[in-house]
file structure_10.cif (mmCIF, C-alpha atoms and all ligand atoms)
data_start
#
loop_
_atom_site.label_atom_id
_atom_site.label_comp_id
_atom_site.auth_asym_id
_atom_site.auth_seq_id
_atom_site.Cartn_x
_atom_site.Cartn_y
_atom_site.Cartn_z
CA MET E 1 282.01 117.44 -51.88
CA ALA E 2 282.10 116.97 -48.12
CA LYS E 3 279.43 114.73 -46.65
CA LEU E 4 276.47 116.63 -45.18
CA PHE E 5 275.72 115.31 -41.76
CA GLN E 6 272.16 114.67 -40.67
CA LEU E 7 270.54 114.17 -37.31
CA PRO E 8 270.53 110.59 -36.06
CA LYS E 9 267.14 109.01 -36.72
CA GLY E 10 264.58 109.75 -34.00
CA THR E 11 266.41 112.80 -32.62
CA ARG E 12 265.76 116.45 -33.33
CA ASP E 13 267.15 119.93 -32.90
CA ILE E 14 264.98 122.24 -30.86
CA LEU E 15 265.42 125.50 -32.75
CA PRO E 16 265.14 128.99 -31.19
CA ASP E 17 261.53 129.46 -32.37
CA GLU E 18 260.41 126.48 -30.32
CA GLN E 19 262.43 127.35 -27.21
CA PRO E 20 259.95 129.85 -25.68
CA TYR E 21 257.46 126.99 -25.34
CA TRP E 22 260.03 124.90 -23.52
CA MET E 23 260.83 127.81 -21.25
CA GLN E 24 257.18 128.36 -20.45
CA LEU E 25 256.77 124.67 -19.73
CA ASP E 26 259.86 124.73 -17.54
CA GLN E 27 258.44 127.68 -15.63
CA VAL E 28 255.12 125.91 -14.98
CA ILE E 29 256.97 122.76 -13.84
CA ARG E 30 259.01 124.82 -11.38
CA GLU E 31 255.86 126.50 -10.05
CA ILE E 32 253.81 123.37 -9.50
CA THR E 33 256.61 121.26 -8.01
CA GLN E 34 257.25 124.00 -5.50
CA ILE E 35 253.58 124.44 -4.65
CA TYR E 36 253.07 120.67 -4.23
CA GLY E 37 256.27 120.32 -2.18
CA TYR E 38 258.43 118.27 -4.57
CA GLU E 39 262.20 118.78 -4.52
CA PRO E 40 264.50 118.65 -7.54
CA LEU E 41 266.86 115.70 -7.99
CA SER E 42 269.38 115.50 -10.85
CA LEU E 43 270.50 112.07 -11.96
CA PRO E 44 273.09 110.76 -14.42
CA ILE E 45 271.94 110.14 -17.97
CA PHE E 46 273.29 106.57 -17.88
CA GLU E 47 273.18 103.84 -15.24
CA ASP E 48 274.16 100.19 -14.94
CA THR E 49 272.16 98.14 -17.43
CA ALA E 50 271.22 95.74 -14.63
CA LEU E 51 269.30 98.51 -12.83
CA TYR E 52 266.84 98.84 -15.71
CA LYS E 53 266.64 95.10 -16.37
CA ARG E 54 265.66 94.57 -12.77
CA GLY E 55 263.70 97.76 -12.21
CA VAL E 56 261.75 98.17 -15.45
CA GLY E 57 261.37 94.41 -15.98
CA GLU E 58 262.89 91.90 -18.41
CA ALA E 59 259.60 91.23 -20.20
CA THR E 60 258.80 94.86 -21.00
CA ASP E 61 259.13 96.44 -24.46
CA ILE E 62 261.62 98.89 -23.00
CA VAL E 63 264.07 96.23 -21.82
CA GLU E 64 263.41 93.76 -24.63
CA LYS E 65 263.90 96.12 -27.53
CA GLU E 66 264.18 99.79 -26.70
CA MET E 67 267.30 100.32 -24.60
CA TYR E 68 270.49 102.04 -25.75
CA THR E 69 272.96 99.65 -24.17
CA PHE E 70 276.72 99.58 -24.71
CA SER E 71 279.94 98.50 -23.04
CA ASP E 72 282.26 101.22 -21.79
CA LYS E 73 286.04 100.96 -22.01
CA ALA E 74 286.19 98.91 -18.79
CA ASP E 75 283.59 96.52 -20.20
CA ASN E 76 280.80 97.64 -17.89
CA SER E 77 277.37 97.40 -19.43
CA ILE E 78 275.85 100.87 -19.46
CA THR E 79 272.37 101.98 -20.56
CA LEU E 80 271.16 105.47 -21.46
CA ARG E 81 268.18 106.05 -19.17
CA PRO E 82 264.94 104.95 -20.85
CA GLU E 83 262.93 106.43 -17.93
CA PHE E 84 263.58 108.06 -14.54
CA THR E 85 261.91 105.97 -11.87
CA ALA E 86 264.52 103.20 -11.56
CA GLY E 87 267.26 105.84 -11.22
CA VAL E 88 265.29 107.79 -8.62
CA VAL E 89 264.78 104.65 -6.55
CA ARG E 90 268.46 103.73 -6.89
CA SER E 91 269.30 107.20 -5.59
CA TYR E 92 266.70 106.97 -2.79
CA ILE E 93 268.30 103.75 -1.53
CA GLN E 94 271.90 104.83 -2.07
CA HIS E 95 271.48 108.08 -0.11
CA GLY E 96 269.44 106.59 2.73
CA MET E 97 266.43 108.79 1.98
CA ALA E 98 264.30 106.37 4.00
CA SER E 99 265.45 108.37 7.04
CA TRP E 100 264.17 111.65 5.57
CA PRO E 101 260.69 112.92 6.49
CA THR E 102 258.13 110.71 4.72
CA PRO E 103 256.97 110.82 1.98
CA VAL E 104 260.10 111.82 0.09
CA LYS E 105 258.84 113.87 -2.86
CA LEU E 106 261.20 114.37 -5.79
CA TRP E 107 261.10 115.60 -9.36
CA ASN E 108 263.40 115.61 -12.37
CA THR E 109 263.41 116.55 -16.01
CA GLY E 110 265.69 115.76 -18.90
CA PRO E 111 266.22 113.61 -21.95
CA VAL E 112 265.43 109.88 -21.99
CA PHE E 113 266.32 107.40 -24.71
CA ARG E 114 264.37 104.58 -26.31
CA TYR E 115 265.14 102.78 -29.54
CA GLU E 116 261.67 103.00 -31.05
CA ARG E 117 260.22 103.39 -34.52
CA PRO E 118 260.17 107.18 -34.92
CA GLN E 119 256.90 108.83 -35.95
CA ALA E 120 254.96 112.02 -35.12
CA GLY E 121 255.24 112.50 -31.34
CA ARG E 122 257.53 109.49 -30.95
CA PHE E 123 261.28 109.96 -30.83
CA ARG E 124 264.40 108.06 -29.77
CA GLN E 125 265.59 110.92 -27.62
CA PHE E 126 262.72 112.69 -25.90
CA HIS E 127 262.16 114.60 -22.68
CA GLN E 128 260.24 113.81 -19.56
CA PHE E 129 259.13 115.63 -16.44
CA ASN E 130 259.07 113.02 -13.73
CA ALA E 131 257.69 113.17 -10.19
CA GLU E 132 257.84 110.55 -7.44
CA ALA E 133 256.47 110.38 -3.87
CA ILE E 134 258.15 107.61 -1.92
CA GLY E 135 257.31 106.06 1.46
CA GLU E 136 253.54 106.26 1.82
CA GLN E 137 250.65 104.04 0.73
CA ASP E 138 247.81 106.46 1.45
CA PRO E 139 245.55 106.88 -1.62
CA ALA E 140 245.60 110.61 -0.79
CA LEU E 141 249.12 110.56 -2.22
CA ASP E 142 247.92 108.89 -5.43
CA PHE E 143 245.38 111.68 -5.58
CA GLU E 144 248.07 114.33 -5.04
CA ILE E 145 250.25 112.94 -7.82
CA MET E 146 247.30 112.83 -10.23
CA ASP E 147 246.22 116.29 -9.21
CA MET E 148 249.72 117.66 -9.85
CA ALA E 149 249.74 116.08 -13.33
CA TRP E 150 246.35 117.68 -13.92
CA GLN E 151 247.58 121.05 -12.68
CA LEU E 152 250.42 120.99 -15.17
CA TYR E 153 248.04 120.76 -18.10
CA ASP E 154 245.49 123.04 -16.49
CA ARG E 155 248.06 125.79 -16.10
CA LEU E 156 249.06 125.30 -19.72
CA GLN E 157 245.36 125.76 -20.55
CA PHE E 158 245.01 122.43 -22.29
CA GLN E 159 241.47 121.51 -23.17
CA ASN E 160 239.76 118.20 -23.91
CA LEU E 161 242.01 116.30 -21.55
CA SER E 162 241.01 113.00 -20.11
CA PHE E 163 242.26 111.04 -17.16
CA GLN E 164 242.34 107.30 -17.81
CA LEU E 165 242.35 105.28 -14.61
CA ASN E 166 242.74 101.63 -13.67
CA SER E 167 244.00 99.53 -10.79
CA ILE E 168 246.19 96.57 -11.65
CA GLY E 169 246.17 95.07 -8.16
CA CYS E 170 249.10 93.63 -6.26
CA PRO E 171 251.03 90.34 -6.10
CA ASP E 172 248.22 88.98 -3.89
CA CYS E 173 245.32 89.50 -6.28
CA ARG E 174 246.90 89.82 -9.74
CA PRO E 175 247.76 86.13 -10.21
CA GLY E 176 244.10 85.21 -9.62
CA TYR E 177 243.01 87.75 -12.21
CA LEU E 178 245.65 86.59 -14.71
CA LYS E 179 244.22 83.07 -14.52
CA VAL E 180 240.78 84.44 -15.36
CA LEU E 181 242.25 86.53 -18.17
CA LYS E 182 244.21 83.63 -19.65
CA SER E 183 241.28 81.26 -19.68
CA TYR E 184 239.18 83.98 -21.34
CA TYR E 185 241.89 84.52 -23.99
CA LYS E 186 242.33 80.82 -24.70
CA LYS E 187 238.84 80.83 -26.18
CA TYR E 188 240.02 83.38 -28.76
CA PHE E 189 243.45 81.87 -29.46
CA ASP E 190 242.72 81.58 -33.18
CA SER E 191 241.65 85.19 -33.65
CA ILE E 192 244.42 87.05 -31.78
CA CYS E 193 247.77 88.21 -33.23
CA ASP E 194 251.05 86.29 -32.93
CA ASP E 195 252.44 88.71 -30.36
CA CYS E 196 249.42 88.15 -28.16
CA ARG E 197 249.75 84.37 -28.42
CA ASN E 198 253.24 84.88 -27.07
CA ARG E 199 252.11 87.27 -24.35
CA LEU E 200 249.55 84.77 -23.15
CA ASP E 201 252.34 82.85 -21.44
CA LYS E 202 255.01 85.45 -21.05
CA ASN E 203 253.25 88.61 -19.88
CA PRO E 204 249.46 88.19 -20.03
CA LEU E 205 248.65 91.62 -18.61
CA ARG E 206 250.18 93.16 -21.74
CA LEU E 207 247.50 91.42 -23.83
CA LEU E 208 245.27 94.31 -22.85
CA ASP E 209 247.31 97.01 -24.54
CA CYS E 210 247.89 95.29 -27.86
CA LYS E 211 247.37 97.80 -30.67
CA GLN E 212 246.48 95.29 -33.44
CA ASP E 213 243.00 95.73 -34.91
CA ARG E 214 242.19 92.06 -34.79
CA CYS E 215 242.73 91.96 -31.02
CA GLN E 216 240.50 94.94 -30.17
CA PRO E 217 237.18 93.07 -29.93
CA VAL E 218 238.81 90.53 -27.62
CA ILE E 219 240.29 93.27 -25.43
CA GLU E 220 237.00 95.11 -25.22
CA LYS E 221 235.14 92.17 -23.73
CA ALA E 222 238.01 90.98 -21.52
CA PRO E 223 237.32 90.66 -17.78
CA ALA E 224 238.31 93.87 -15.94
CA ILE E 225 241.04 93.60 -13.35
CA TYR E 226 239.31 96.10 -11.06
CA ASP E 227 236.53 93.54 -10.61
CA HIS E 228 239.08 91.02 -9.27
CA LEU E 229 241.01 93.05 -6.69
CA CYS E 230 241.78 91.86 -3.16
CA GLU E 231 240.21 93.74 -0.29
CA ALA E 232 243.18 96.01 0.29
CA CYS E 233 243.51 96.98 -3.40
CA ALA E 234 239.76 97.44 -3.81
CA GLY E 235 239.64 99.63 -0.70
CA HIS E 236 242.56 101.71 -1.96
CA PHE E 237 240.97 102.11 -5.39
CA ASN E 238 237.60 103.12 -3.90
CA LYS E 239 239.19 105.74 -1.68
CA LEU E 240 241.16 107.20 -4.59
CA ARG E 241 238.01 107.46 -6.69
CA GLU E 242 236.21 109.12 -3.76
CA TYR E 243 238.97 111.72 -3.54
CA LEU E 244 238.95 112.36 -7.28
CA ASN E 245 235.19 112.77 -7.25
CA ALA E 246 235.30 115.06 -4.23
CA ALA E 247 237.81 117.29 -6.03
CA ASP E 248 235.84 117.18 -9.29
CA LEU E 249 238.72 115.58 -11.17
CA THR E 250 236.86 113.68 -13.85
CA PHE E 251 238.30 110.34 -14.91
CA THR E 252 237.43 107.45 -17.19
CA LEU E 253 237.76 103.91 -15.88
CA ASN E 254 239.84 102.04 -18.44
CA HIS E 255 240.24 98.30 -17.90
CA CYS E 256 242.83 98.06 -20.73
CA LEU E 257 245.24 100.54 -19.17
CA VAL E 258 248.12 98.41 -17.90
CA ARG E 259 251.21 100.58 -18.61
CA GLY E 260 254.42 99.35 -20.17
CA LEU E 261 256.52 98.91 -17.05
CA ASP E 262 256.44 95.91 -14.78
CA TYR E 263 256.80 97.73 -11.48
CA TYR E 264 253.29 99.09 -11.13
CA THR E 265 250.85 97.96 -8.42
CA LYS E 266 247.34 99.22 -7.69
CA THR E 267 246.79 102.64 -9.30
CA VAL E 268 247.78 103.26 -12.92
CA PHE E 269 246.72 106.31 -14.90
CA GLU E 270 247.38 108.29 -18.05
CA VAL E 271 246.52 111.78 -19.19
CA TRP E 272 245.31 111.87 -22.78
CA ALA E 273 245.20 115.02 -24.85
CA GLU E 274 243.97 115.61 -28.35
CA GLY E 275 246.24 116.55 -31.15
CA VAL E 276 249.55 114.68 -31.49
CA GLY E 277 248.69 112.34 -34.33
CA SER E 278 248.03 108.90 -32.98
CA GLN E 279 250.11 109.55 -29.87
CA ASN E 280 247.64 110.99 -27.42
CA ALA E 281 249.17 110.03 -24.06
CA VAL E 282 250.99 113.03 -22.64
CA CYS E 283 251.53 111.66 -19.16
CA GLY E 284 251.52 108.28 -17.47
CA GLY E 285 252.07 107.05 -13.97
CA GLY E 286 250.95 104.98 -11.06
CA ARG E 287 251.85 103.26 -7.83
CA TYR E 288 254.86 100.99 -7.53
CA ASP E 289 254.87 99.53 -4.04
CA GLY E 290 257.31 96.71 -4.82
CA LEU E 291 260.09 98.56 -6.63
CA VAL E 292 262.18 99.86 -3.72
CA GLU E 293 262.41 96.36 -2.26
CA LEU E 294 263.07 94.84 -5.69
CA LEU E 295 266.08 97.16 -6.05
CA GLY E 296 267.50 96.22 -2.64
CA GLY E 297 265.82 98.65 -0.24
CA LYS E 298 263.34 97.98 2.58
CA PRO E 299 259.74 97.39 1.45
CA THR E 300 258.55 100.93 0.67
CA PRO E 301 255.42 102.04 -1.17
CA ALA E 302 255.63 104.81 -3.78
CA VAL E 303 253.70 106.56 -6.51
CA GLY E 304 254.73 108.78 -9.42
CA PHE E 305 254.31 109.87 -13.02
CA ALA E 306 256.25 110.88 -16.11
CA ALA E 307 254.99 113.52 -18.54
CA GLY E 308 256.20 113.52 -22.13
CA LEU E 309 257.40 117.06 -22.79
CA ASP E 310 257.91 116.85 -26.57
CA ARG E 311 254.28 115.90 -27.09
CA THR E 312 253.24 118.58 -24.62
CA VAL E 313 255.18 121.25 -26.52
CA MET E 314 253.70 120.07 -29.83
CA ILE E 315 250.23 120.70 -28.43
CA MET E 316 251.25 124.08 -27.00
CA GLN E 317 252.44 125.07 -30.47
CA ASN E 318 249.26 123.81 -32.14
CA LYS E 319 247.14 125.93 -29.86
CA LYS E 320 248.45 128.99 -31.72
CA GLN E 321 248.30 131.11 -28.64
CA ASP E 322 250.03 134.48 -28.50
CA ARG E 323 253.49 134.46 -29.93
CA LEU E 324 255.72 133.56 -27.00
CA LYS E 325 258.99 134.73 -28.46
CA ILE E 326 260.40 137.75 -26.67
CA ASP E 327 261.79 140.24 -29.16
CA PRO E 328 264.67 142.57 -28.41
CA SER E 329 263.53 146.02 -27.36
CA VAL E 330 265.99 148.47 -28.87
CA TYR E 331 268.17 148.51 -31.99
CA PHE E 332 271.02 150.99 -32.36
CA ALA E 333 271.61 152.12 -35.94
CA CYS E 334 274.98 153.87 -36.34
CA GLN E 335 276.17 155.88 -39.31
CA HIS E 336 279.92 155.49 -38.72
CA ALA E 337 282.40 153.69 -36.51
CA GLU E 338 282.61 156.76 -34.27
CA ALA E 339 278.86 156.55 -33.61
CA ARG E 340 279.23 152.90 -32.78
CA LYS E 341 281.70 153.80 -30.02
CA GLN E 342 278.95 155.89 -28.48
CA ALA E 343 276.32 153.19 -29.06
CA ILE E 344 278.42 150.57 -27.27
CA ILE E 345 278.30 152.68 -24.09
CA TYR E 346 274.52 153.19 -24.29
CA VAL E 347 273.91 149.52 -25.01
CA LYS E 348 276.00 148.51 -22.02
CA GLN E 349 274.11 150.91 -19.73
CA LEU E 350 270.72 149.70 -20.97
CA ARG E 351 271.62 146.03 -20.64
CA GLU E 352 272.66 146.72 -17.04
CA ARG E 353 269.07 147.91 -16.59
CA ASN E 354 267.75 144.63 -18.12
CA ILE E 355 266.76 146.21 -21.42
CA SER E 356 267.57 143.96 -24.38
CA CYS E 357 269.51 145.79 -27.10
CA LEU E 358 270.98 145.04 -30.49
CA MET E 359 273.36 147.08 -32.59
CA GLY E 360 274.02 147.34 -36.31
CA LEU E 361 277.37 145.68 -37.01
CA GLY E 362 279.89 145.66 -39.83
CA GLU E 363 279.78 147.94 -42.83
CA ARG E 364 276.00 148.06 -43.23
CA SER E 365 274.29 151.10 -44.65
CA PHE E 366 271.76 152.96 -42.51
CA LYS E 367 269.05 151.51 -44.74
CA ALA E 368 270.25 147.95 -44.22
CA GLN E 369 270.30 148.54 -40.48
CA PHE E 370 266.69 149.77 -40.49
CA ARG E 371 265.67 146.74 -42.49
CA GLU E 372 267.32 144.47 -39.96
CA ALA E 373 265.65 146.27 -37.03
CA ASP E 374 262.33 145.73 -38.73
CA ARG E 375 262.92 142.03 -39.32
CA ARG E 376 263.90 141.59 -35.72
CA ASN E 377 260.66 143.17 -34.54
CA VAL E 378 262.22 145.68 -32.13
CA ARG E 379 260.09 148.31 -30.37
CA TYR E 380 262.56 151.18 -30.78
CA VAL E 381 265.39 152.18 -33.07
CA VAL E 382 268.00 154.58 -31.74
CA ILE E 383 269.66 156.48 -34.56
CA ILE E 384 273.13 157.99 -34.21
CA GLY E 385 274.18 159.83 -37.33
CA ASP E 386 276.87 162.44 -37.84
CA ALA E 387 274.58 165.29 -36.73
CA GLU E 388 273.64 163.48 -33.51
CA LEU E 389 277.27 162.68 -32.81
CA GLU E 390 278.07 166.37 -33.17
CA SER E 391 275.25 167.50 -30.84
CA ARG E 392 275.73 164.58 -28.41
CA THR E 393 272.13 163.51 -28.88
CA VAL E 394 270.31 160.53 -30.41
CA ILE E 395 267.04 160.09 -32.27
CA LEU E 396 264.65 157.64 -30.66
CA LYS E 397 262.10 156.17 -33.07
CA LYS E 398 259.11 154.22 -31.83
CA MET E 399 258.50 151.55 -34.48
CA GLU E 400 254.81 151.05 -33.82
CA THR E 401 253.86 154.69 -34.47
CA GLY E 402 256.87 156.01 -36.38
CA GLU E 403 257.07 158.85 -33.85
CA GLN E 404 260.60 160.31 -33.34
CA LYS E 405 262.25 162.29 -30.56
CA SER E 406 265.65 163.87 -30.14
CA LEU E 407 267.11 163.08 -26.71
CA ASN E 408 270.39 163.47 -24.87
CA ALA E 409 272.09 160.50 -23.17
CA ASP E 410 270.40 160.90 -19.79
CA GLN E 411 267.00 161.39 -21.34
CA LEU E 412 267.42 158.28 -23.50
CA ILE E 413 268.30 156.02 -20.59
CA ARG E 414 265.54 157.46 -18.41
CA HIS E 415 262.97 157.19 -21.18
CA LEU E 416 263.69 153.53 -21.96
CA ASP E 417 264.11 152.60 -18.30
CA ARG E 418 260.61 153.89 -17.52
CA GLU E 419 259.02 152.11 -20.46
CA PRO E 420 256.61 149.47 -19.12
CA GLY E 421 257.14 145.87 -20.18
CA PHE E 422 260.88 146.06 -20.72
P1 LIG Q 501 253.57 104.98 -25.28
O1 LIG Q 501 252.45 104.08 -24.96
O2 LIG Q 501 253.15 106.22 -26.06
O3 LIG Q 501 254.76 104.29 -25.87
P2 LIG Q 501 254.76 104.75 -22.73
O4 LIG Q 501 253.74 104.11 -21.87
O5 LIG Q 501 255.86 103.95 -23.30
O6 LIG Q 501 254.03 105.58 -23.89
P3 LIG Q 501 255.83 106.15 -20.50
O7 LIG Q 501 256.96 105.26 -20.26
O8 LIG Q 501 254.66 106.10 -19.62
O9 LIG Q 501 255.36 106.00 -22.01
O10 LIG Q 501 256.34 107.64 -20.57
C1 LIG Q 501 255.55 108.74 -20.14
C2 LIG Q 501 255.26 109.69 -21.28
O11 LIG Q 501 256.42 109.92 -22.08
C3 LIG Q 501 254.23 109.19 -22.27
O12 LIG Q 501 252.94 109.44 -21.81
C4 LIG Q 501 254.55 110.01 -23.50
O13 LIG Q 501 253.95 111.29 -23.42
C5 LIG Q 501 256.04 110.19 -23.41
N1 LIG Q 501 256.73 109.27 -24.34
C6 LIG Q 501 256.93 107.93 -24.22
N2 LIG Q 501 257.65 107.45 -25.23
C7 LIG Q 501 257.91 108.51 -26.05
C8 LIG Q 501 258.66 108.68 -27.26
N3 LIG Q 501 259.27 107.65 -27.84
N4 LIG Q 501 258.73 109.91 -27.82
C9 LIG Q 501 258.13 110.97 -27.22
N5 LIG Q 501 257.43 110.88 -26.08
C10 LIG Q 501 257.33 109.69 -25.48
MG MG Q 502 256.32 103.09 -25.15
#
call {"tool": "encode", "arguments": {"input": "structure_10.cif", "output": "structure tokens", "more": "lines below"}}
Ligand code: ATP
Ligand code: MG
result
Amino acid sequence: MAKLFQLPKGTRDILPDEQPYWMQLDQVIREITQIYGYEPLSLPIFEDTALYKRGVGEATDIVEKEMYTFSDKADNSITLRPEFTAGVVRSYIQHGMASWPTPVKLWNTGPVFRYERPQAGRFRQFHQFNAEAIGEQDPALDFEIMDMAWQLYDRLQFQNLSFQLNSIGCPDCRPGYLKVLKSYYKKYFDSICDDCRNRLDKNPLRLLDCKQDRCQPVIEKAPAIYDHLCEACAGHFNKLREYLNAADLTFTLNHCLVRGLDYYTKTVFEVWAEGVGSQNAVCGGGRYDGLVELLGGKPTPAVGFAAGLDRTVMIMQNKKQDRLKIDPSVYFACQHAEARKQAIIYVKQLRERNISCLMGLGERSFKAQFREADRRNVRYVVIIGDAELESRTVILKKMETGEQKSLNADQLIRHLDREPGF
């Protein structure tokens, strides 16, 4: 027997039943990006590996273990994008966007790839909606980015959301904090996990987002970075909080929120939602004032976020709101091939008027055609039997009430064309 192929681990097929949620999400993304003044930018799905190594950071989980990296036929090292920001910044520099009106506000969506351990809400190919505002350090822009992320979930009518907020400082103040953090951690060296012992030297900030149980009490009592910010970072953080308060955007200060990418400075935030197993972060972002320069551009501040769309859709589905699927409106049931010739013309005319139609095909009996119309949830069945063919009429049956009418061609088109909601 031939081998049955299966999906690669960590990927999935998005079947037609799920698609209406994606379309609704897509629609909301288009609305809010337009309202907030963000322009679409499409990027390649793969880039030079070096871009991510430099941009995302060598000591991050993404670069250390999650990238899909391979050599192409010319022996170039290529990586499937594990996130958007490095690519956006590459594009910003390459196309001289520094000369565009500032800030340059861009958005993208599409699949991203990370070699992770698959579980509920965690895949190897997943989708992100990504937004970046480049060229401005004003905390009002951090506010705008957070507000847009909030709007997304507000328009989707998500409830029980929370905004987690932290500031992780800048190259001026972070080293001072890291010293404080390391000396605090050294006291607990015997009680923390092996990974954390490693992180202590390699990437101490990541100590704060260790998920091991044994490390939680240590994390909880760790000194908070927002108490060790330089004047500029503290001022920026205070202003942002003032703006959030003024706009009634509630947030939770979270001293353990450090984010998994090395490029962040000052503001970092996440949106948490209930209901995707243990994966409750639907969106994460922050400020990255050093990245443009790190990737070869002039020093340029920037802020952005990425929303995880698969998790978002899972929550939309769980909410069991109205069925989003749009059913076809009209089904033509034909007794013989001759009737089908007539039906083809009607169907064409109705489709030109944006009315979705289906037609019984093949050698199906009338009864089988009615059964199919029922399963497909149509609003009307148009019946063309021998008698109707003879009298050049059709029978229009409204499925909801069972009511039937005999109509000629003009009447049929006019009747369906006037029907609200088609
Ligand atoms: P996590 O802590 O869950 O691994 P992350 O910090 O690695 O998230 P980001 O790089 O900030 O994630 O990506 C932004 C969003 O993308 C996350 O908030 C999440 O909703 C989504 N996301 C991240 N990794 C995955 C994945 N493997 N599968 C599905 N969604 C994901
Ligand atoms: Mg991750």
call {"tool": "closest_residue", "arguments": {"input": "structure_10.cif", "among": "E:Gly360, E:Gly385, E:Gly121, E:Pro299", "to": "E:Gln335", "atoms": "only C-alpha atoms"}}
result
E:Gly385
call {"tool": "residues_near_ligand", "arguments": {"input": "structure_10.cif", "ligand": "ligand LIG 501 (chain Q)", "cutoff": "7 Å", "atoms": "only C-alpha atoms and all ligand atoms", "output": "ChimeraX atom specification"}}
result
/E:83,114,116,121-128,259-260,270,279,281-285,306-311
call {"tool": "residues_around", "arguments": {"input": "structure_10.cif", "residues": "E:Pro44", "least_positions_apart": "4", "cutoff": "12 Å", "atoms": "only C-alpha atoms", "output": "list in words"}}
result
Asp48, Ile78, Thr79, Leu80, Arg81, Pro82, Glu83, Phe84, Ala86, Gly87, Val88, Arg90, Ser91, Asn108, Thr109, Gly110, Pro111 and Val112 of chain E
call {"tool": "residues_around", "arguments": {"input": "structure_10.cif", "residues": "E:Tyr153", "least_positions_apart": "5", "cutoff": "12 Å", "atoms": "all atoms listed in the file", "output": "list in words"}}
result
Leu25, Val28, Ile29, Ile32, Met146, Asp147, Met148, Phe158, Gln159, Asn160, Leu161, Ser162, Phe163, Val271, Trp272, Ala273, Val282, Cys283, Ala307, Gly308, Leu309, Arg311, Thr312, Val313, Ile315 and Met316 of chain E
call {"tool": "residues_around", "arguments": {"input": "structure_10.cif", "residues": "E:Ser183", "least_positions_apart": "4", "cutoff": "12 Å", "atoms": "all atoms listed in the file", "output": "NGL selection string"}}
result
:E and (176-179 or 187-189 or 200-201 or 204 or 222-223)
call {"tool": "residues_around", "arguments": {"input": "structure_10.cif", "residues": "E:Thr33", "least_positions_apart": "6", "cutoff": "9 Å", "atoms": "only C-alpha atoms", "output": "compact mmCIF listing (two decimals) with C-alpha atoms, in the coordinates of the input"}}
result
# COMPACT_ATOMS: atom_id res chain seq x y z
CA GLU E 39 262.20 118.78 -4.52
CA PRO E 40 264.50 118.65 -7.54
CA LEU E 106 261.20 114.37 -5.79
CA TRP E 107 261.10 115.60 -9.36
CA ALA E 131 257.69 113.17 -10.19
CA MET E 148 249.72 117.66 -9.85
call {"tool": "atom_distance", "arguments": {"input": "structure_10.cif", "atom1": "atom CA of E:Val63", "atom2": "atom CA of E:Leu261"}}
result
9.3 Å
call {"tool": "atom_distance", "arguments": {"input": "structure_10.cif", "atom1": "atom CA of E:Gln411", "atom2": "atom CA of E:Phe366"}}
result
23.3 Å
call {"tool": "residues_around", "arguments": {"input": "structure_10.cif", "residues": "E:Lys367", "least_positions_apart": "4", "cutoff": "10 Å", "atoms": "all atoms listed in the file", "output": "list of chain:residue names"}}
result
E:Ala333, E:Gln335, E:Arg371, E:Glu372, E:Ala373
call {"tool": "build_atoms", "arguments": {"input": "structure_10.cif", "residues": "stretch 261-268 of chain E", "atoms": "N, CA, C and O atoms", "output": "compact mmCIF listing (two decimals), in the coordinates of the input"}}
result
# COMPACT_ATOMS: atom_id res chain seq x y z
N LEU E 261 255.42 99.21 -17.96
CA LEU E 261 256.52 98.91 -17.05
C LEU E 261 256.02 97.93 -16.01
O LEU E 261 254.88 98.02 -15.57
N ASP E 262 256.88 97.01 -15.64
CA ASP E 262 256.44 95.91 -14.78
C ASP E 262 256.23 96.30 -13.33
O ASP E 262 255.63 95.58 -12.57
N TYR E 263 256.77 97.47 -12.91
CA TYR E 263 256.80 97.73 -11.48
C TYR E 263 255.50 98.24 -10.87
O TYR E 263 255.39 98.40 -9.67
N TYR E 264 254.49 98.49 -11.70
CA TYR E 264 253.29 99.09 -11.13
C TYR E 264 252.45 98.13 -10.29
O TYR E 264 252.37 96.93 -10.56
N THR E 265 251.82 98.68 -9.26
CA THR E 265 250.85 97.96 -8.42
C THR E 265 249.69 98.92 -8.18
O THR E 265 249.89 100.13 -8.19
N LYS E 266 248.54 98.39 -7.96
CA LYS E 266 247.34 99.22 -7.69
C LYS E 266 247.13 100.27 -8.79
O LYS E 266 247.01 99.94 -9.96
N THR E 267 247.15 101.56 -8.39
CA THR E 267 246.79 102.64 -9.30
C THR E 267 247.69 102.74 -10.54
O THR E 267 248.91 102.77 -10.43
N VAL E 268 247.07 102.80 -11.72
CA VAL E 268 247.78 103.26 -12.92
C VAL E 268 246.89 104.29 -13.62
O VAL E 268 245.67 104.20 -13.56
